[in-house]
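Participant: Structure supplied as structure.txt; contents: compact mmCIF, C-alpha atoms.
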# COMPACT_ATOMS: atom_id res chain seq x y z
CA MET A 1 -165.58 21.81 112.56
CA ALA A 2 -168.98 21.37 114.18
CA LYS A 3 -169.65 18.17 116.06
CA ALA A 4 -173.15 17.94 114.64
CA LEU A 5 -175.48 19.53 112.11
CA VAL A 6 -179.11 20.50 112.56
CA ILE A 7 -180.94 20.82 109.24
CA PHE A 8 -184.21 22.77 109.21
CA LEU A 9 -186.88 21.73 106.70
CA HIS A 10 -189.46 24.42 106.02
CA GLY A 11 -193.10 24.08 105.06
CA VAL A 12 -194.68 24.39 101.61
CA GLY A 13 -194.60 27.84 100.03
CA SER A 14 -191.98 29.07 102.49
CA ASN A 15 -188.18 29.21 102.33
CA GLY A 16 -185.13 28.45 104.41
CA ASP A 17 -185.15 31.85 106.10
CA ASP A 18 -188.44 30.96 107.78
CA LEU A 19 -186.78 28.55 110.22
CA ALA A 20 -183.24 29.91 110.26
CA GLY A 21 -184.02 32.06 113.28
CA LEU A 22 -184.44 28.95 115.40
CA GLY A 23 -180.78 28.18 114.90
CA GLN A 24 -179.87 31.62 116.20
CA HIS A 25 -182.00 31.05 119.31
CA TRP A 26 -180.54 27.61 119.87
CA ALA A 27 -176.88 28.48 119.26
CA SER A 28 -176.12 29.19 122.92
CA LEU A 29 -177.99 26.06 124.03
CA LEU A 30 -176.26 23.80 121.52
CA PRO A 31 -172.57 24.70 121.40
CA ASP A 32 -170.43 23.21 118.63
CA VAL A 33 -173.56 22.51 116.57
CA ALA A 34 -173.94 23.96 113.07
CA PHE A 35 -177.32 24.93 111.64
CA ALA A 36 -178.50 24.88 108.05
CA SER A 37 -181.85 25.97 106.67
CA PRO A 38 -182.02 25.31 102.92
CA ASN A 39 -184.72 26.16 100.44
CA ALA A 40 -186.65 23.12 99.26
CA PRO A 41 -185.67 22.01 95.73
CA TYR A 42 -188.82 23.01 93.85
CA PRO A 43 -190.51 26.39 93.34
CA PHE A 44 -194.01 26.65 94.79
CA GLU A 45 -196.47 26.88 91.89
CA HIS A 46 -198.99 29.26 93.45
CA ALA A 47 -196.84 31.98 95.01
CA MET A 48 -193.34 32.84 96.07
CA GLY A 49 -191.46 30.20 98.02
CA TYR A 50 -190.47 26.57 97.65
CA GLN A 51 -191.79 23.07 98.22
CA TRP A 52 -190.44 19.56 98.76
CA PHE A 53 -193.24 18.12 96.62
CA SER A 54 -196.23 19.52 94.75
CA LEU A 55 -199.63 19.81 96.37
CA THR A 56 -201.42 20.25 93.04
CA GLY A 57 -204.04 17.54 92.76
CA ILE A 58 -202.79 15.84 95.91
CA THR A 59 -205.00 13.35 97.76
CA PRO A 60 -204.47 11.10 100.77
CA GLU A 61 -204.14 8.24 98.28
CA ASN A 62 -201.41 9.76 96.10
CA ARG A 63 -199.49 11.66 98.79
CA PRO A 64 -197.17 8.73 99.65
CA ALA A 65 -196.14 8.47 95.99
CA ARG A 66 -195.40 12.21 95.90
CA VAL A 67 -193.16 11.79 98.92
CA ARG A 68 -191.35 8.83 97.36
CA GLU A 69 -190.71 10.85 94.21
CA ALA A 70 -189.27 13.67 96.30
CA ARG A 71 -186.73 11.52 98.14
CA ALA A 72 -183.86 11.83 95.65
CA ALA A 73 -183.86 15.64 95.58
CA PHE A 74 -184.41 15.75 99.34
CA ASP A 75 -181.42 13.49 100.03
CA GLU A 76 -179.26 15.42 97.58
CA THR A 77 -180.06 18.65 99.43
CA LEU A 78 -179.04 17.08 102.74
CA GLN A 79 -175.85 15.56 101.35
CA GLN A 80 -174.73 18.89 99.89
CA LEU A 81 -175.19 20.58 103.25
CA MET A 82 -173.36 17.82 105.09
CA ALA A 83 -170.41 18.10 102.71
CA GLN A 84 -170.33 21.89 103.14
CA HIS A 85 -170.04 21.42 106.91
CA GLY A 86 -167.34 18.75 106.72
CA LEU A 87 -169.75 15.99 107.72
CA ALA A 88 -170.08 14.08 104.45
CA ASP A 89 -171.81 10.74 105.10
CA ALA A 90 -171.81 11.39 108.88
CA TRP A 91 -175.54 10.80 109.19
CA ASP A 92 -175.21 9.91 112.86
CA LYS A 93 -174.27 13.54 113.49
CA VAL A 94 -177.30 14.99 111.69
CA ILE A 95 -180.64 15.96 113.22
CA LEU A 96 -183.57 16.89 111.01
CA VAL A 97 -186.02 19.52 112.27
CA GLY A 98 -189.08 19.82 110.08
CA PHE A 99 -192.22 21.90 110.02
CA SER A 100 -195.38 20.82 108.15
CA GLN A 101 -194.26 19.54 104.72
CA GLY A 102 -190.67 19.53 105.97
CA SER A 103 -191.81 17.24 108.78
CA ILE A 104 -193.44 14.92 106.26
CA MET A 105 -190.07 14.52 104.52
CA ALA A 106 -188.20 14.08 107.81
CA LEU A 107 -190.62 11.44 109.09
CA ASP A 108 -190.47 9.64 105.74
CA ALA A 109 -186.68 9.41 106.00
CA LEU A 110 -187.01 8.12 109.56
CA ALA A 111 -189.70 5.56 108.70
CA GLN A 112 -187.75 4.17 105.77
CA GLY A 113 -184.50 4.08 107.71
CA ARG A 114 -182.51 5.48 104.80
CA HIS A 115 -180.00 7.16 107.10
CA PRO A 116 -178.80 6.49 110.67
CA LEU A 117 -179.78 9.96 111.87
CA ALA A 118 -179.02 11.25 115.35
CA GLY A 119 -182.63 12.37 115.75
CA VAL A 120 -185.73 13.81 114.13
CA VAL A 121 -187.97 16.66 115.30
CA ALA A 122 -191.31 17.02 113.52
CA PHE A 123 -193.51 20.05 114.14
CA SER A 124 -197.08 19.88 112.78
CA GLY A 125 -196.34 16.91 110.56
CA ARG A 126 -197.74 13.65 109.30
CA LEU A 127 -196.31 10.28 108.32
CA SER A 128 -197.17 9.78 104.65
CA PHE A 129 -195.61 6.35 104.32
CA ASP A 130 -197.69 3.49 102.98
CA GLY A 131 -195.26 0.58 103.32
CA ALA A 132 -193.81 -1.41 106.19
CA LEU A 133 -191.74 0.82 108.45
CA THR A 134 -188.04 -0.10 108.59
CA PRO A 135 -186.51 2.64 110.77
CA ALA A 136 -183.02 2.77 112.18
CA SER A 137 -183.87 1.64 115.69
CA HIS A 138 -181.48 4.02 117.45
CA THR A 139 -182.88 7.22 115.88
CA PRO A 140 -185.27 8.91 118.35
CA ALA A 141 -188.06 11.26 117.36
CA LEU A 142 -189.85 14.20 118.94
CA LEU A 143 -193.29 15.05 117.54
CA ILE A 144 -194.88 18.37 118.53
CA HIS A 145 -198.31 19.38 117.27
CA GLY A 146 -200.86 22.01 118.20
CA LYS A 147 -204.37 20.78 118.90
CA ALA A 148 -205.68 23.98 117.29
CA ASP A 149 -203.90 23.22 114.01
CA GLY A 150 -206.35 23.83 111.18
CA VAL A 151 -203.97 22.76 108.39
CA ILE A 152 -202.73 19.34 109.51
CA PRO A 153 -204.82 17.78 112.31
CA TYR A 154 -202.88 16.80 115.41
CA SER A 155 -204.30 13.30 114.99
CA GLU A 156 -201.72 12.89 112.22
CA SER A 157 -198.91 13.18 114.75
CA GLU A 158 -200.76 10.84 117.12
CA SER A 159 -200.96 8.26 114.34
CA ALA A 160 -197.32 8.80 113.36
CA ALA A 161 -196.18 8.33 116.95
CA GLN A 162 -198.11 5.07 117.27
CA ARG A 163 -196.77 3.66 114.00
CA LEU A 164 -193.18 4.65 114.75
CA GLN A 165 -193.34 3.25 118.29
CA ALA A 166 -194.76 -0.01 116.95
CA ALA A 167 -191.75 -0.19 114.62
CA GLY A 168 -189.32 0.23 117.51
CA VAL A 169 -188.60 3.96 117.42
CA THR A 170 -188.24 5.85 120.69
CA VAL A 171 -190.86 8.57 120.29
CA GLU A 172 -191.76 11.54 122.46
CA ALA A 173 -195.00 13.22 121.42
CA ARG A 174 -196.23 16.54 122.78
CA PHE A 175 -199.56 18.16 121.99
CA GLU A 176 -200.23 21.82 122.77
CA ALA A 177 -203.85 22.74 123.42
CA ALA A 178 -203.85 26.32 122.14
CA THR A 179 -201.25 26.12 119.37
CA GLY A 180 -202.23 26.33 115.71
CA HIS A 181 -200.15 25.52 112.63
CA THR A 182 -196.98 27.07 113.96
CA ILE A 183 -194.01 26.49 116.25
CA SER A 184 -194.59 27.81 119.75
CA SER A 185 -191.81 29.16 121.96
CA GLN A 186 -192.46 26.27 124.34
CA GLY A 187 -192.16 23.77 121.51
CA ALA A 188 -188.94 25.35 120.31
CA MET A 189 -187.38 25.04 123.77
CA GLN A 190 -188.51 21.42 124.09
CA ALA A 191 -186.93 20.68 120.72
CA ALA A 192 -183.63 22.26 121.74
CA ALA A 193 -183.54 20.12 124.89
CA PHE A 194 -184.35 17.01 122.85
CA ILE A 195 -181.54 17.75 120.40
CA ALA A 196 -179.07 18.27 123.23
CA GLN A 197 -180.05 14.88 124.62
CA CYS A 198 -179.67 13.21 121.23
CA LEU A 199 -176.12 14.52 120.94
CA GLN A 200 -175.19 13.32 124.43
CA ASP A 201 -176.17 9.71 123.76
As structure tokens, what does this structure read like?

Facilitator:
Amino acid sequence: MAKALVIFLHGVGSNGDDLAGLGQHWASLLPDVAFASPNAPYPFEHAMGYQWFSLTGITPENRPARVREARAAFDETLQQLMAQHGLADAWDKVILVGFSQGSIMALDALAQGRHPLAGVVAFSGRLSFDGALTPASHTPALLIHGKADGVIPYSESESAAQRLQAAGVTVEARFEAATGHTISSQGAMQAAAFIAQCLQD
């Protein structure tokens, strides 16, 4: 049985295979860690792929409500994976690694403190949470965002880091000058090192 589980959360219109390769790259760096990269629960309306919540008609004002509505299916997806890996209810052995919309869901779970996660990595994300933050204080977060991101501005991760830190979360934020809306090789290595540290604590 693995000692921990890393769950990848893909972006909108993508699928689990998009991030699964990271687990293959990290396997030698993170021994005894299992990796899972599920499809999001809902089909993407405009093309092939999946989504955690719909972007149709979305605005900055209604995005937090969309995220709230997506929580039940999101948590069910995680719980099924944890059970499959023999880690049912062992949230303290789970690390979420999100990209874009997947990061939005991961940061929402962190901000609400629904689960005592071992850590959260958010690539190119934003914190779409409009209430008071009530995080589990021991769950650290790594936020990585490219300054050349034309989809989600890196200022979203700056804002998320400030809000999470103000709520007592240990946050490491890294901003890459030439990176767009993607995961760089440097960012991937930084994330692997962060996860290793989370599992040592």

Participant: Give me, as a list in words, all polymer residues having an atom no more than 12 Å from A:Ala167, counting only C-alpha atoms and skipping those fewer than 5 positions away in the same chain.

Facilitator: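 My list of contacting residues is Leu110, Ala111, Gln112, Gly113, Gly131, Ala132, Leu133, Thr134, Pro135, Ala136, Ser137, His138, Thr139, Pro140, Ala160, Ala161 and Gln162 of chain A.
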
Participant: With distances taken over only C-alpha atoms, which of A:Ala2, A:Val171, A:Ala192, A:Trp91 is nearest to A:Arg114?

Facilitator: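 With only C-alpha atoms as the atom set, the closest residue is A:Trp91.
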
Participant: Which of these, A:Thr179, A:Gln84, A:Ser103, A:Ser185, has the shortest distance to A:Leu127 once you count only C-alpha atoms?

Facilitator: A:Ser103

Participant: Could you please determine the separation between atom CA of A:Ala122 and atom CA of A:Ala173 in Å, to one decimal place?

Facilitator: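 Separation of atom CA of A:Ala122 and atom CA of A:Ala173: 9.5 Å.
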
Participant: Draw an axis-aligned box tight on the listed atoms of stretch 22-32 of chain A, then pad every side by 6 Å and write out centre and edge lengths in Å to one decimal as lines of an AutoDock Vina configuration file.

Facilitator:
center_x = -177.4
center_y = 27.4
center_z = 119.5
size_x = 26.0
size_y = 20.4
size_z = 21.1

Participant: Which residue gives the smallest distance to A:Thr182 among A:Ser159, A:Asn39, A:Ser124, A:Gln200, with only C-alpha atoms counted?

Facilitator: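 When distances to A:Thr182 are compared using only C-alpha atoms, the smallest one comes from A:Ser124.
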
Participant: Report, in Å with one decimal, the straight-line distance from atom CA of A:Phe99 to atom CA of A:Val6.

Facilitator: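 These atoms are spaced 13.4 Å apart.
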
Participant: Quick one, how far is atom CA of A:Ala70 from atom CA of A:Gln51?

Facilitator: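 Computing the Euclidean distance for atom CA of A:Ala70 and atom CA of A:Gln51 yields 9.9 Å.
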
Participant: May I ask you to restore N, CA, C and O atoms in stretch 55-75 of chain A and write the result as a tab-separated table (two decimals), in the frame of the given file?

Facilitator:
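Written file, part14.tsv:
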chain	number	residue	atom	x	y	z
A	55	LEU	N	-198.32	20.08	95.78
A	55	LEU	CA	-199.63	19.81	96.37
A	55	LEU	C	-200.74	19.83	95.32
A	55	LEU	O	-201.89	19.52	95.63
A	56	THR	N	-200.41	20.18	94.09
A	56	THR	CA	-201.42	20.25	93.04
A	56	THR	C	-202.04	18.88	92.79
A	56	THR	O	-201.34	17.92	92.47
A	57	GLY	N	-203.35	18.80	92.98
A	57	GLY	CA	-204.04	17.54	92.76
A	57	GLY	C	-203.73	16.47	93.79
A	57	GLY	O	-204.04	15.28	93.57
A	58	ILE	N	-203.19	16.85	94.92
A	58	ILE	CA	-202.79	15.84	95.91
A	58	ILE	C	-204.01	15.31	96.66
A	58	ILE	O	-204.98	16.03	96.92
A	59	THR	N	-203.96	14.02	96.99
A	59	THR	CA	-205.00	13.35	97.76
A	59	THR	C	-204.32	12.47	98.81
A	59	THR	O	-203.12	12.19	98.70
A	60	PRO	N	-205.07	12.05	99.81
A	60	PRO	CA	-204.47	11.10	100.77
A	60	PRO	C	-203.94	9.85	100.09
A	60	PRO	O	-202.96	9.26	100.56
A	61	GLU	N	-204.56	9.47	98.97
A	61	GLU	CA	-204.14	8.24	98.28
A	61	GLU	C	-202.82	8.43	97.52
A	61	GLU	O	-202.00	7.52	97.49
A	62	ASN	N	-202.64	9.60	96.89
A	62	ASN	CA	-201.41	9.76	96.10
A	62	ASN	C	-200.28	10.48	96.83
A	62	ASN	O	-199.17	10.58	96.30
A	63	ARG	N	-200.53	10.96	98.06
A	63	ARG	CA	-199.49	11.66	98.79
A	63	ARG	C	-198.25	10.79	99.03
A	63	ARG	O	-197.12	11.27	98.84
A	64	PRO	N	-198.39	9.52	99.44
A	64	PRO	CA	-197.17	8.73	99.65
A	64	PRO	C	-196.30	8.62	98.40
A	64	PRO	O	-195.06	8.65	98.50
A	65	ALA	N	-196.92	8.53	97.23
A	65	ALA	CA	-196.14	8.47	95.99
A	65	ALA	C	-195.41	9.78	95.74
A	65	ALA	O	-194.26	9.79	95.27
A	66	ARG	N	-196.06	10.90	96.04
A	66	ARG	CA	-195.40	12.21	95.90
A	66	ARG	C	-194.15	12.27	96.78
A	66	ARG	O	-193.11	12.79	96.37
A	67	VAL	N	-194.29	11.76	98.00
A	67	VAL	CA	-193.16	11.79	98.92
A	67	VAL	C	-192.03	10.90	98.40
A	67	VAL	O	-190.85	11.28	98.44
A	68	ARG	N	-192.38	9.72	97.91
A	68	ARG	CA	-191.35	8.83	97.36
A	68	ARG	C	-190.59	9.50	96.21
A	68	ARG	O	-189.37	9.40	96.13
A	69	GLU	N	-191.34	10.18	95.35
A	69	GLU	CA	-190.71	10.85	94.21
A	69	GLU	C	-189.80	11.99	94.65
A	69	GLU	O	-188.87	12.37	93.92
A	70	ALA	N	-190.06	12.54	95.81
A	70	ALA	CA	-189.27	13.67	96.30
A	70	ALA	C	-188.01	13.25	97.03
A	70	ALA	O	-187.16	14.10	97.34
A	71	ARG	N	-187.85	11.98	97.29
A	71	ARG	CA	-186.73	11.52	98.14
A	71	ARG	C	-185.37	11.84	97.54
A	71	ARG	O	-184.45	12.26	98.26
A	72	ALA	N	-185.19	11.65	96.25
A	72	ALA	CA	-183.86	11.83	95.65
A	72	ALA	C	-183.38	13.27	95.80
A	72	ALA	O	-182.25	13.53	96.23
A	73	ALA	N	-184.25	14.24	95.46
A	73	ALA	CA	-183.86	15.64	95.58
A	73	ALA	C	-183.68	16.04	97.04
A	73	ALA	O	-182.80	16.85	97.37
A	74	PHE	N	-184.52	15.48	97.90
A	74	PHE	CA	-184.41	15.75	99.34
A	74	PHE	C	-183.05	15.28	99.86
A	74	PHE	O	-182.32	16.04	100.52
A	75	ASP	N	-182.69	14.03	99.55
A	75	ASP	CA	-181.42	13.49	100.03
A	75	ASP	C	-180.23	14.25	99.45
A	75	ASP	O	-179.22	14.47	100.13
